[in-house]
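Chemist: Could you have a look at this structure, given as structure tokens, before my questions?
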Amino acid sequence: MFAQLERVANKRVRAEVAPAILSRYIGKYELAPDLLFDITLDHGQLQLRLGDQPQFPLFPESEDRFFLEAVDAQITFVVDATGRPTSLILHQGGRDQQAVRVD
């Protein structure tokens, strides 16, 4: 039951998430005016790009919570009652920043 959140030697454990769920998160999310997260799906792997920065893979920890390996950051997708993502929350450096879906 708690295996998805389990950590082994301070390393996050990847969860299996169905491709249909991953595809829901594809889109653009506005962190600040003219600063967008672009979430894409490439060969079953969610990818995140912020503005002009390089693209990074997002690894699932649960159906709505993901982490990056390149930096110490996590992403939580916020969904409405129908399961449609309305925003994401970037957890990094002790701060939570919300980015609203714009597409």
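Identifiers in this document derive from the order of the structure tokens: chains are assigned A, B, ..., residues are numbered from 1 separately in each chain, and ligands are numbered from 1 in order of occurrence.
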For region 16-37 of chain A against region 88-94 of chain A, with a cut-off of 10 Å and counting only C-alpha atoms, what is the closest atom pair and its distance in Å to one decimal for every residue that makes the cut, ordered by chain and number, as a tab-separated table?
Modeler:
```
residue	atom	partner	partner_atom	distance
A:Tyr25	CA	A:Leu88	CA	9.2
A:Lys28	CA	A:Leu88	CA	10.0
A:Tyr29	CA	A:Leu88	CA	7.2
A:Glu30	CA	A:Leu88	CA	9.2
A:Leu31	CA	A:Leu88	CA	9.0
A:Phe37	CA	A:Leu88	CA	9.2
```
Chemist: Would you output that residue set with N, CA and C atoms, as a PDB file, in the first residue's frame?
Modeler:
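Heads up, here's the output in out_2.pdb:
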```
ATOM      1  N   TYR A  25      -1.647  14.486 -18.451  1.00  0.00           N
ATOM      2  CA  TYR A  25      -0.852  15.598 -17.952  1.00  0.00           C
ATOM      3  C   TYR A  25      -0.196  16.422 -19.049  1.00  0.00           C
ATOM      4  N   LYS A  28       0.474  22.690 -21.242  1.00  0.00           N
ATOM      5  CA  LYS A  28       1.273  23.835 -20.804  1.00  0.00           C
ATOM      6  C   LYS A  28       0.682  24.368 -19.497  1.00  0.00           C
ATOM      7  N   TYR A  29       1.586  24.715 -18.585  1.00  0.00           N
ATOM      8  CA  TYR A  29       1.213  25.193 -17.265  1.00  0.00           C
ATOM      9  C   TYR A  29       2.004  26.469 -16.998  1.00  0.00           C
ATOM     10  N   GLU A  30       1.285  27.551 -16.649  1.00  0.00           N
ATOM     11  CA  GLU A  30       1.929  28.854 -16.476  1.00  0.00           C
ATOM     12  C   GLU A  30       2.398  29.057 -15.035  1.00  0.00           C
ATOM     13  N   LEU A  31       3.721  29.145 -14.869  1.00  0.00           N
ATOM     14  CA  LEU A  31       4.324  29.381 -13.558  1.00  0.00           C
ATOM     15  C   LEU A  31       4.328  30.871 -13.237  1.00  0.00           C
ATOM     16  N   PHE A  37       5.677  25.802 -18.061  1.00  0.00           N
ATOM     17  CA  PHE A  37       6.108  24.420 -18.055  1.00  0.00           C
ATOM     18  C   PHE A  37       5.450  23.773 -19.257  1.00  0.00           C
TER      19      PHE A  37
END
```
Chemist: Would you pick out the contacts of Thr76 (chain A) at 12 Å or less, using only C-alpha atoms, so that residues sharing its chain but fewer than 3 positions from it are not included, and give the list as an MDAnalysis selection string?
Modeler: chainID A and resid 25 58:68 73 79 85:92 96:100
Chemist: The selected residues should be written to file as a tab-separated table (two decimals), in the first residue's frame (atoms: N, CA, C and O atoms).
Modeler:
```tsv
chain	number	residue	atom	x	y	z
A	25	TYR	N	-1.65	14.49	-18.45
A	25	TYR	CA	-0.85	15.60	-17.95
A	25	TYR	C	-0.20	16.42	-19.05
A	25	TYR	O	0.35	17.50	-18.78
A	58	LEU	N	10.35	13.17	-16.15
A	58	LEU	CA	9.63	13.11	-14.88
A	58	LEU	C	9.36	11.65	-14.57
A	58	LEU	O	8.83	10.93	-15.40
A	59	PHE	N	9.69	11.23	-13.36
A	59	PHE	CA	9.52	9.84	-12.95
A	59	PHE	C	8.37	9.75	-11.95
A	59	PHE	O	8.34	10.51	-10.98
A	60	PRO	N	7.42	8.83	-12.19
A	60	PRO	CA	6.27	8.74	-11.28
A	60	PRO	C	6.62	8.13	-9.94
A	60	PRO	O	7.37	7.16	-9.85
A	61	GLU	N	6.07	8.76	-8.91
A	61	GLU	CA	6.17	8.24	-7.55
A	61	GLU	C	4.79	7.71	-7.15
A	61	GLU	O	4.67	6.84	-6.30
A	62	SER	N	3.76	8.27	-7.78
A	62	SER	CA	2.38	7.82	-7.66
A	62	SER	C	1.67	8.32	-8.92
A	62	SER	O	2.32	8.88	-9.80
A	63	GLU	N	0.36	8.16	-8.99
A	63	GLU	CA	-0.36	8.59	-10.19
A	63	GLU	C	-0.31	10.10	-10.42
A	63	GLU	O	-0.43	10.55	-11.55
A	64	ASP	N	-0.15	10.88	-9.36
A	64	ASP	CA	-0.17	12.33	-9.53
A	64	ASP	C	1.09	13.04	-9.02
A	64	ASP	O	1.21	14.25	-9.10
A	65	ARG	N	2.05	12.28	-8.52
A	65	ARG	CA	3.27	12.88	-7.97
A	65	ARG	C	4.48	12.31	-8.70
A	65	ARG	O	4.62	11.09	-8.82
A	66	PHE	N	5.36	13.22	-9.15
A	66	PHE	CA	6.52	12.86	-9.96
A	66	PHE	C	7.77	13.52	-9.39
A	66	PHE	O	7.68	14.51	-8.67
A	67	PHE	N	8.91	13.00	-9.77
A	67	PHE	CA	10.16	13.60	-9.33
A	67	PHE	C	11.14	13.67	-10.49
A	67	PHE	O	11.00	12.99	-11.49
A	68	LEU	N	12.11	14.56	-10.34
A	68	LEU	CA	13.19	14.70	-11.30
A	68	LEU	C	14.43	14.10	-10.68
A	68	LEU	O	14.61	14.18	-9.46
A	73	ALA	N	13.74	18.10	-7.06
A	73	ALA	CA	12.44	18.74	-7.22
A	73	ALA	C	11.38	17.67	-7.48
A	73	ALA	O	11.68	16.61	-8.00
A	79	VAL	N	-5.81	17.69	-9.98
A	79	VAL	CA	-6.87	17.35	-10.94
A	79	VAL	C	-8.24	17.72	-10.38
A	79	VAL	O	-8.44	17.77	-9.16
A	85	PRO	N	-6.31	17.49	-15.25
A	85	PRO	CA	-5.36	18.34	-14.52
A	85	PRO	C	-5.69	19.82	-14.70
A	85	PRO	O	-5.95	20.27	-15.82
A	86	THR	N	-5.70	20.55	-13.60
A	86	THR	CA	-5.97	21.98	-13.65
A	86	THR	C	-4.72	22.80	-13.35
A	86	THR	O	-4.66	23.98	-13.69
A	87	SER	N	-3.74	22.17	-12.68
A	87	SER	CA	-2.50	22.87	-12.36
A	87	SER	C	-1.46	21.84	-11.93
A	87	SER	O	-1.76	20.65	-11.81
A	88	LEU	N	-0.25	22.33	-11.73
A	88	LEU	CA	0.78	21.50	-11.12
A	88	LEU	C	1.44	22.32	-10.04
A	88	LEU	O	1.39	23.56	-10.06
A	89	ILE	N	2.04	21.62	-9.09
A	89	ILE	CA	2.76	22.29	-8.02
A	89	ILE	C	4.21	21.81	-8.07
A	89	ILE	O	4.47	20.61	-8.05
A	90	LEU	N	5.12	22.77	-8.17
A	90	LEU	CA	6.55	22.49	-8.14
A	90	LEU	C	7.00	22.58	-6.69
A	90	LEU	O	6.82	23.61	-6.03
A	91	HIS	N	7.57	21.47	-6.19
A	91	HIS	CA	8.12	21.43	-4.83
A	91	HIS	C	9.64	21.44	-4.97
A	91	HIS	O	10.22	20.47	-5.47
A	92	GLN	N	10.27	22.52	-4.56
A	92	GLN	CA	11.73	22.62	-4.70
A	92	GLN	C	12.26	23.62	-3.70
A	92	GLN	O	11.71	24.71	-3.54
A	96	ASP	N	6.75	25.68	-2.47
A	96	ASP	CA	5.75	25.12	-3.37
A	96	ASP	C	5.24	26.24	-4.26
A	96	ASP	O	4.77	27.26	-3.76
A	97	GLN	N	5.37	26.05	-5.58
A	97	GLN	CA	4.92	27.05	-6.54
A	97	GLN	C	3.91	26.41	-7.48
A	97	GLN	O	4.18	25.37	-8.07
A	98	GLN	N	2.76	27.06	-7.60
A	98	GLN	CA	1.69	26.52	-8.45
A	98	GLN	C	1.76	27.11	-9.84
A	98	GLN	O	2.00	28.29	-10.02
A	99	ALA	N	1.54	26.24	-10.83
A	99	ALA	CA	1.48	26.63	-12.23
A	99	ALA	C	0.13	26.17	-12.78
A	99	ALA	O	-0.19	24.98	-12.72
A	100	VAL	N	-0.67	27.09	-13.26
A	100	VAL	CA	-2.03	26.80	-13.73
A	100	VAL	C	-1.99	26.33	-15.18
A	100	VAL	O	-1.27	26.90	-16.01
```
Chemist: Please determine, counting only C-alpha atoms, which residue among A:Ile21, A:Ala81, A:Ala70, A:Ile26 has the shortest atom-to-atom distance to Asp42 (chain A).
Modeler: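 With only C-alpha atoms as the atom set, the closest residue is A:Ile26.
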Chemist: Check region 4-77 of chain A with DSSP on the backbone and list each residue it calls strand (DSSP E or B), as an NGL selection string.
Modeler: :A and (7-8 or 11-12 or 27-32 or 35-42 or 45-50 or 56-60 or 65-67 or 73-77)
Chemist: Write out as a ChimeraX atom specification each polymer residue whose atoms come within 10 Å of Gly27 (chain A), counting only C-alpha atoms; drop sequence neighbours fewer than 2 positions from it.
Modeler: /A:23-25,29,36-41,48,85,101-103
Chemist: May I ask which of the residues A:Glu69, A:Arg84, A:Val78, A:Asp34 is the closest one to Arg14 (chain A), counting only C-alpha atoms?
Modeler: A:Glu69
Chemist: When you count only C-alpha atoms, which of these residues is closest to Asp72 (chain A): A:Lys11, A:Gln45, A:Ala18, A:Leu35?
Modeler: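 With only C-alpha atoms as the atom set, the closest residue is A:Lys11.
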Chemist: Using only C-alpha atoms, pick whichever of A:Val71, A:Pro57, A:Arg12, A:Phe77 has the shortest atom-to-atom distance to Gly44 (chain A).
Modeler: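 Smallest distance to Gly44 (chain A) is found for A:Pro57.
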Chemist: Nearest to Pro19 (chain A): which of A:Leu46, A:Thr82, A:Ala32, A:Ile75 is it, counting only C-alpha atoms?
Modeler: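 Of the candidates, the smallest distance to Pro19 (chain A) is held by A:Leu46.
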Chemist: So which bits of chain A end up alpha helix (DSSP H) when you DSSP the backbone, as a PDB file with C-alpha atoms, in the first residue's frame?
Modeler:
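Resulting contents of selection-v2.pdb:
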```pdb
ATOM      1  CA  PRO A  19       0.021   5.464 -20.172  1.00  0.00           C
ATOM      2  CA  ALA A  20      -3.587   6.732 -20.255  1.00  0.00           C
ATOM      3  CA  ILE A  21      -3.028   8.534 -16.949  1.00  0.00           C
ATOM      4  CA  LEU A  22       0.331   9.958 -18.061  1.00  0.00           C
ATOM      5  CA  SER A  23      -1.222  11.336 -21.247  1.00  0.00           C
ATOM      6  CA  ARG A  24      -3.698  13.411 -19.191  1.00  0.00           C
TER       7      ARG A  24
END
```
